[in-house]
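K.L.:
Provided below: start04.cif, containing mmCIF, C-alpha atoms.
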```cif
data_model
loop_
_atom_site.group_PDB
_atom_site.id
_atom_site.type_symbol
_atom_site.label_atom_id
_atom_site.label_comp_id
_atom_site.auth_asym_id
_atom_site.auth_seq_id
_atom_site.Cartn_x
_atom_site.Cartn_y
_atom_site.Cartn_z
ATOM 1 C CA MET A 1 8.635 -19.821 -15.448
ATOM 2 C CA THR A 2 12.253 -18.777 -15.021
ATOM 3 C CA PRO A 3 13.307 -16.459 -12.192
ATOM 4 C CA ASP A 4 13.969 -13.662 -14.707
ATOM 5 C CA GLU A 5 10.505 -14.055 -16.236
ATOM 6 C CA PHE A 6 8.990 -14.133 -12.759
ATOM 7 C CA VAL A 7 10.714 -10.916 -11.674
ATOM 8 C CA HIS A 8 9.889 -9.213 -14.973
ATOM 9 C CA ARG A 9 6.211 -10.187 -14.644
ATOM 10 C CA PHE A 10 5.658 -9.633 -10.925
ATOM 11 C CA GLY A 11 8.375 -7.167 -9.886
ATOM 12 C CA PRO A 12 6.405 -4.018 -10.770
ATOM 13 C CA VAL A 13 3.224 -5.423 -9.195
ATOM 14 C CA VAL A 14 5.030 -6.319 -5.975
ATOM 15 C CA TYR A 15 6.786 -2.950 -5.784
ATOM 16 C CA ASN A 16 3.542 -1.046 -6.406
ATOM 17 C CA LEU A 17 1.763 -2.958 -3.633
ATOM 18 C CA ALA A 18 4.737 -2.617 -1.275
ATOM 19 C CA PHE A 19 4.925 1.138 -1.884
ATOM 20 C CA ARG A 20 1.221 1.552 -1.189
ATOM 21 C CA LEU A 21 1.421 -0.519 1.966
ATOM 22 C CA THR A 22 4.499 1.198 3.401
ATOM 23 C CA GLY A 23 3.768 4.705 2.141
ATOM 24 C CA ASN A 24 7.226 5.606 0.878
ATOM 25 C CA HIS A 25 9.615 4.557 -1.848
ATOM 26 C CA ALA A 26 12.559 3.420 0.272
ATOM 27 C CA ASP A 27 10.554 1.121 2.533
ATOM 28 C CA GLY A 28 8.491 -0.029 -0.451
ATOM 29 C CA ALA A 29 11.635 -0.997 -2.356
ATOM 30 C CA ASP A 30 13.000 -2.903 0.657
ATOM 31 C CA LEU A 31 9.693 -4.690 1.195
ATOM 32 C CA ALA A 32 9.358 -5.519 -2.512
ATOM 33 C CA GLN A 33 12.850 -6.962 -2.594
ATOM 34 C CA ASP A 34 12.132 -9.068 0.487
ATOM 35 C CA ALA A 35 8.849 -10.332 -0.988
ATOM 36 C CA LEU A 36 10.419 -11.135 -4.362
ATOM 37 C CA VAL A 37 13.294 -13.024 -2.750
ATOM 38 C CA LYS A 38 10.827 -15.056 -0.662
ATOM 39 C CA SER A 39 8.722 -15.699 -3.771
ATOM 40 C CA LEU A 40 11.709 -16.802 -5.828
ATOM 41 C CA LYS A 41 12.837 -19.173 -3.079
ATOM 42 C CA GLY A 42 9.414 -20.822 -3.115
ATOM 43 C CA LEU A 43 8.859 -20.687 -6.867
ATOM 44 C CA ASP A 44 9.905 -24.299 -7.500
ATOM 45 C CA ASP A 45 7.439 -25.510 -4.864
ATOM 46 C CA PHE A 46 4.483 -23.411 -6.111
ATOM 47 C CA ARG A 47 1.741 -25.656 -7.456
ATOM 48 C CA GLY A 48 -1.252 -23.308 -7.387
ATOM 49 C CA SER A 49 -3.150 -21.927 -10.336
ATOM 50 C CA ASP A 50 -2.833 -18.202 -9.528
ATOM 51 C CA PRO A 51 0.746 -17.009 -9.045
ATOM 52 C CA GLY A 52 -0.490 -13.413 -8.752
ATOM 53 C CA ALA A 53 -2.524 -14.141 -5.629
ATOM 54 C CA TRP A 54 0.385 -16.158 -4.231
ATOM 55 C CA VAL A 55 2.792 -13.247 -4.726
ATOM 56 C CA TYR A 56 0.272 -10.816 -3.197
ATOM 57 C CA ARG A 57 -0.021 -13.072 -0.129
ATOM 58 C CA ILE A 58 3.754 -13.235 0.251
ATOM 59 C CA THR A 59 4.009 -9.442 -0.097
ATOM 60 C CA VAL A 60 1.271 -8.764 2.447
ATOM 61 C CA ASN A 61 2.786 -11.268 4.883
ATOM 62 C CA ALA A 62 6.209 -9.644 4.446
ATOM 63 C CA TRP A 63 4.551 -6.279 5.148
ATOM 64 C CA LYS A 64 2.963 -7.632 8.338
ATOM 65 C CA ASN A 65 6.393 -8.858 9.465
ATOM 66 C CA TRP A 66 7.848 -5.451 8.596
ATOM 67 C CA LEU A 67 5.145 -3.738 10.682
ATOM 68 C CA ARG A 68 5.860 -5.980 13.661
ATOM 69 C CA ALA A 69 9.584 -5.306 13.416
ATOM 70 C CA LYS A 70 9.031 -1.587 13.008
ATOM 71 C CA SER A 71 6.597 -1.508 15.915
ATOM 72 C CA SER A 72 8.998 -3.280 18.227
ATOM 73 C CA ARG A 73 11.832 -0.912 17.265
ATOM 74 C CA ARG A 74 9.960 2.345 17.587
ATOM 75 C CA GLY A 75 6.917 1.592 19.692
ATOM 76 C CA PHE A 76 4.537 3.006 17.120
ATOM 77 C CA LEU A 77 3.463 2.482 13.516
ATOM 78 C CA ARG A 78 3.874 5.071 10.802
ATOM 79 C CA PHE A 79 2.156 4.158 7.564
ATOM 80 C CA PHE A 80 2.680 7.159 5.328
ATOM 81 C CA SER A 81 5.453 9.692 5.364
ATOM 82 C CA LYS A 82 5.592 13.212 4.118
ATOM 83 C CA GLU A 83 8.681 12.152 2.135
ATOM 84 C CA SER A 84 6.374 10.752 -0.538
ATOM 85 C CA ALA A 85 4.418 13.994 -0.957
ATOM 86 C CA ASP A 86 4.616 15.630 -4.344
ATOM 87 C CA VAL A 87 6.988 18.566 -4.131
ATOM 88 C CA LEU A 88 8.123 20.784 -6.953
ATOM 89 C CA SER A 89 11.882 20.932 -7.206
ATOM 90 C CA GLU A 90 12.056 23.395 -10.075
ATOM 91 C CA PRO A 91 10.216 26.652 -10.761
ATOM 92 C CA VAL A 92 7.024 26.278 -12.771
ATOM 93 C CA ASP A 93 6.930 27.965 -16.165
ATOM 94 C CA VAL A 94 3.987 30.390 -16.220
ATOM 95 C CA ALA A 95 2.914 29.153 -19.652
ATOM 96 C CA SER A 96 3.232 25.471 -18.793
ATOM 97 C CA ASN A 97 0.397 23.052 -18.147
ATOM 98 C CA GLU A 98 2.018 22.042 -14.835
ATOM 99 C CA PRO A 99 0.085 22.917 -11.685
ATOM 100 C CA GLY A 100 1.132 26.150 -10.024
ATOM 101 C CA PRO A 101 2.342 26.564 -6.445
ATOM 102 C CA GLU A 102 -1.177 26.996 -5.074
ATOM 103 C CA ALA A 103 -2.420 23.810 -6.747
ATOM 104 C CA MET A 104 0.652 21.948 -5.504
ATOM 105 C CA TYR A 105 0.030 23.199 -1.967
ATOM 106 C CA PHE A 106 -3.544 21.917 -2.032
ATOM 107 C CA ARG A 107 -2.421 18.583 -3.504
ATOM 108 C CA VAL A 108 0.196 18.122 -0.756
ATOM 109 C CA ASP A 109 -2.314 19.267 1.891
ATOM 110 C CA GLU A 110 -4.923 16.803 0.585
ATOM 111 C CA LYS A 111 -2.394 13.971 0.581
ATOM 112 C CA SER A 112 -1.419 14.851 4.138
ATOM 113 C CA ARG A 113 -5.078 14.670 5.253
ATOM 114 C CA ILE A 114 -5.510 11.299 3.547
ATOM 115 C CA ASP A 115 -2.255 10.042 5.089
ATOM 116 C CA ARG A 116 -3.445 10.989 8.568
ATOM 117 C CA ALA A 117 -6.829 9.346 8.017
ATOM 118 C CA MET A 118 -5.251 6.167 6.588
ATOM 119 C CA SER A 119 -2.848 5.935 9.518
ATOM 120 C CA LYS A 120 -5.808 5.381 11.834
ATOM 121 C CA LEU A 121 -6.839 2.179 10.023
ATOM 122 C CA SER A 122 -5.702 -1.166 11.380
ATOM 123 C CA PRO A 123 -3.153 -2.989 9.220
ATOM 124 C CA GLU A 124 -5.823 -5.543 8.233
ATOM 125 C CA GLU A 125 -8.291 -2.830 7.190
ATOM 126 C CA ARG A 126 -5.602 -0.929 5.333
ATOM 127 C CA ALA A 127 -4.441 -3.991 3.389
ATOM 128 C CA VAL A 128 -7.975 -4.831 2.226
ATOM 129 C CA LEU A 129 -8.701 -1.209 1.303
ATOM 130 C CA ILE A 130 -5.484 -0.818 -0.693
ATOM 131 C CA LEU A 131 -5.950 -4.103 -2.551
ATOM 132 C CA ARG A 132 -9.547 -3.254 -3.471
ATOM 133 C CA GLU A 133 -9.582 0.498 -4.020
ATOM 134 C CA LEU A 134 -6.052 1.205 -5.250
ATOM 135 C CA ASP A 135 -5.156 -2.074 -6.948
ATOM 136 C CA GLY A 136 -8.682 -2.883 -8.142
ATOM 137 C CA ARG A 137 -8.469 -6.518 -7.005
ATOM 138 C CA SER A 138 -11.652 -8.583 -6.799
ATOM 139 C CA TYR A 139 -12.995 -9.792 -3.460
ATOM 140 C CA GLU A 140 -11.952 -13.318 -4.413
ATOM 141 C CA ASP A 141 -8.403 -12.181 -5.231
ATOM 142 C CA ILE A 142 -8.156 -10.360 -1.918
ATOM 143 C CA SER A 143 -9.480 -13.385 -0.063
ATOM 144 C CA SER A 144 -6.865 -15.554 -1.715
ATOM 145 C CA ALA A 145 -4.031 -13.027 -1.316
ATOM 146 C CA LEU A 146 -4.692 -12.459 2.384
ATOM 147 C CA ASP A 147 -5.782 -16.026 3.083
ATOM 148 C CA ILE A 148 -9.023 -14.925 4.738
ATOM 149 C CA PRO A 149 -12.669 -15.861 4.042
ATOM 150 C CA LEU A 150 -14.635 -13.861 1.481
ATOM 151 C CA GLY A 151 -17.030 -12.612 4.175
ATOM 152 C CA THR A 152 -14.099 -11.281 6.189
ATOM 153 C CA VAL A 153 -12.878 -9.374 3.132
ATOM 154 C CA LYS A 154 -16.287 -7.757 2.711
ATOM 155 C CA SER A 155 -16.679 -6.863 6.381
ATOM 156 C CA ARG A 156 -13.128 -5.464 6.677
ATOM 157 C CA LEU A 157 -13.612 -3.428 3.528
ATOM 158 C CA ALA A 158 -16.914 -1.994 4.773
ATOM 159 C CA ARG A 159 -15.364 -1.190 8.155
ATOM 160 C CA ALA A 160 -12.260 0.343 6.520
ATOM 161 C CA ARG A 161 -14.381 2.550 4.274
ATOM 162 C CA ALA A 162 -16.480 3.727 7.224
ATOM 163 C CA VAL A 163 -13.442 4.410 9.422
ATOM 164 C CA LEU A 164 -11.669 6.214 6.582
ATOM 165 C CA ALA A 165 -14.726 8.376 5.864
ATOM 166 C CA GLU A 166 -15.043 9.231 9.554
ATOM 167 C CA ASN A 167 -11.325 9.966 9.863
ATOM 168 C CA LEU A 168 -11.359 12.143 6.745
ATOM 169 C CA SER A 169 -14.263 14.187 8.080
ATOM 170 C CA GLU A 170 -12.421 14.621 11.407
ATOM 171 C CA VAL A 171 -9.240 15.684 9.585
ATOM 172 C CA ILE A 172 -11.187 18.168 7.464
ATOM 173 C CA ASP A 173 -12.943 19.587 10.536
ATOM 174 C CA ASP A 174 -9.619 19.806 12.430
ATOM 175 C CA PRO A 175 -6.884 20.504 9.842
ATOM 176 C CA SER A 176 -4.052 20.778 12.425
#
```
Show me the file's structure as structure tokens.

P.N.:
Amino acid sequence: MTPDEFVHRFGPVVYNLAFRLTGNHADGADLAQDALVKSLKGLDDFRGSDPGAWVYRITVNAWKNWLRAKSSRRGFLRFFSKESADVLSEPVDVASNEPGPEAMYFRVDEKSRIDRAMSKLSPEERAVLILRELDGRSYEDISSALDIPLGTVKSRLARARAVLAENLSEVIDDPS
């Protein structure tokens, strides 16, 4: 596979994962670029049977490095930003099928609650949850992508779901 074919095939996948992991477009684009460059550098040496899992692993590892660097710079981790919230930039036509201001407010408010709940997950829990629930990856794919045993994938996913459910109920009870 040529580098152009590789980027064409995996670029959108890597960016999508990077965006979901970082929570905003700018950081997602930077992370995706970093992961693709690392992947392209190792492409000639790749001998596995599943390049998709290999690229996922590189992307997740690049994200973990990004988190460590960000943590050391700022002293805290921020997973989602309000910059990625859906915001209307133009007036809505009354006759259009677009959601009105009230619907947009509730959508942004809901996203904010989910962002706050997700920010309480550990990076390991968040990675497993995103790969399974948002990307629809199988347990085996996640195990391969994160280089962890299948049982660990299942336990982290169960724990992440429980923590997220608890955090969402806390956020709903205390909407501040």

K.L.:
So which residues get picked by the PyMOL selection byres ((chain A and resi 5-13) around 8) here, written as a list of chain:residue names?

P.N.:
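Evaluating the PyMOL selection byres ((chain A and resi 5-13) around 8) on these coordinates yields A:Met1, A:Thr2, A:Pro3, A:Asp4, A:Val14, A:Tyr15, A:Asn16, A:Leu17, A:Ala32, A:Leu36, A:Leu40, A:Gly52, A:Val55.
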
K.L.:
Could you tell me which of A:Leu43, A:Ala145, A:Ala158, A:Leu21 comes closest to Lys64 in chain A if we count all atoms listed in the file?

P.N.:
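When distances to Lys64 in chain A are compared using all atoms listed in the file, the smallest one comes from A:Leu21.
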
K.L.:
Just checking: using only C-alpha atoms, which residue out of A:Lys154, A:Tyr139, A:Trp66, A:Ala160 ends up closest to Gly28 in chain A?

P.N.:
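Of A:Lys154, A:Tyr139, A:Trp66, A:Ala160, the one nearest Gly28 in chain A is A:Trp66, counting only C-alpha atoms.
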
K.L.:
Measure the distance from CA of Ser112 in chain A to CA of Leu168 in chain A in Å and round it to one decimal.

P.N.:
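CA of Leu168 in chain A lies 10.6 Å from CA of Ser112 in chain A.
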
K.L.:
For CA of Phe46 in chain A and CA of Arg132 in chain A, quote the distance in Å rounded to one decimal.

P.N.:
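Pair CA of Phe46 in chain A / CA of Arg132 in chain A returns 24.7 Å.
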
K.L.:
So which residues touch Lys38 in chain A within 9 Å, counting all atoms listed in the file, skipping near sequence neighbours fewer than 6 positions away, as number ranges by chain?

P.N.:
A: 58-59, 62

K.L.:
Would you kindly translate the PyMOL selection byres ((chain A and resi 57) around 10) into the concrete residues it picks from this file, as a list in words?

P.N.:
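Expected selection for the PyMOL selection byres ((chain A and resi 57) around 10) here is Ala35, Ser39, Pro51, Gly52, Ala53, Trp54, Val55, Tyr56, Ile58, Thr59, Val60, Asn61, Ala62, Trp63, Asp141, Ile142, Ser143, Ser144, Ala145, Leu146 and Asp147 of chain A.
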
K.L.:
Using only C-alpha atoms for the distances, tell me which of A:His25, A:Arg161, A:Arg47, A:Lys70 is nearest to Met118 in chain A.

P.N.:
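Selected residue with least distance to Met118 in chain A: A:Arg161.
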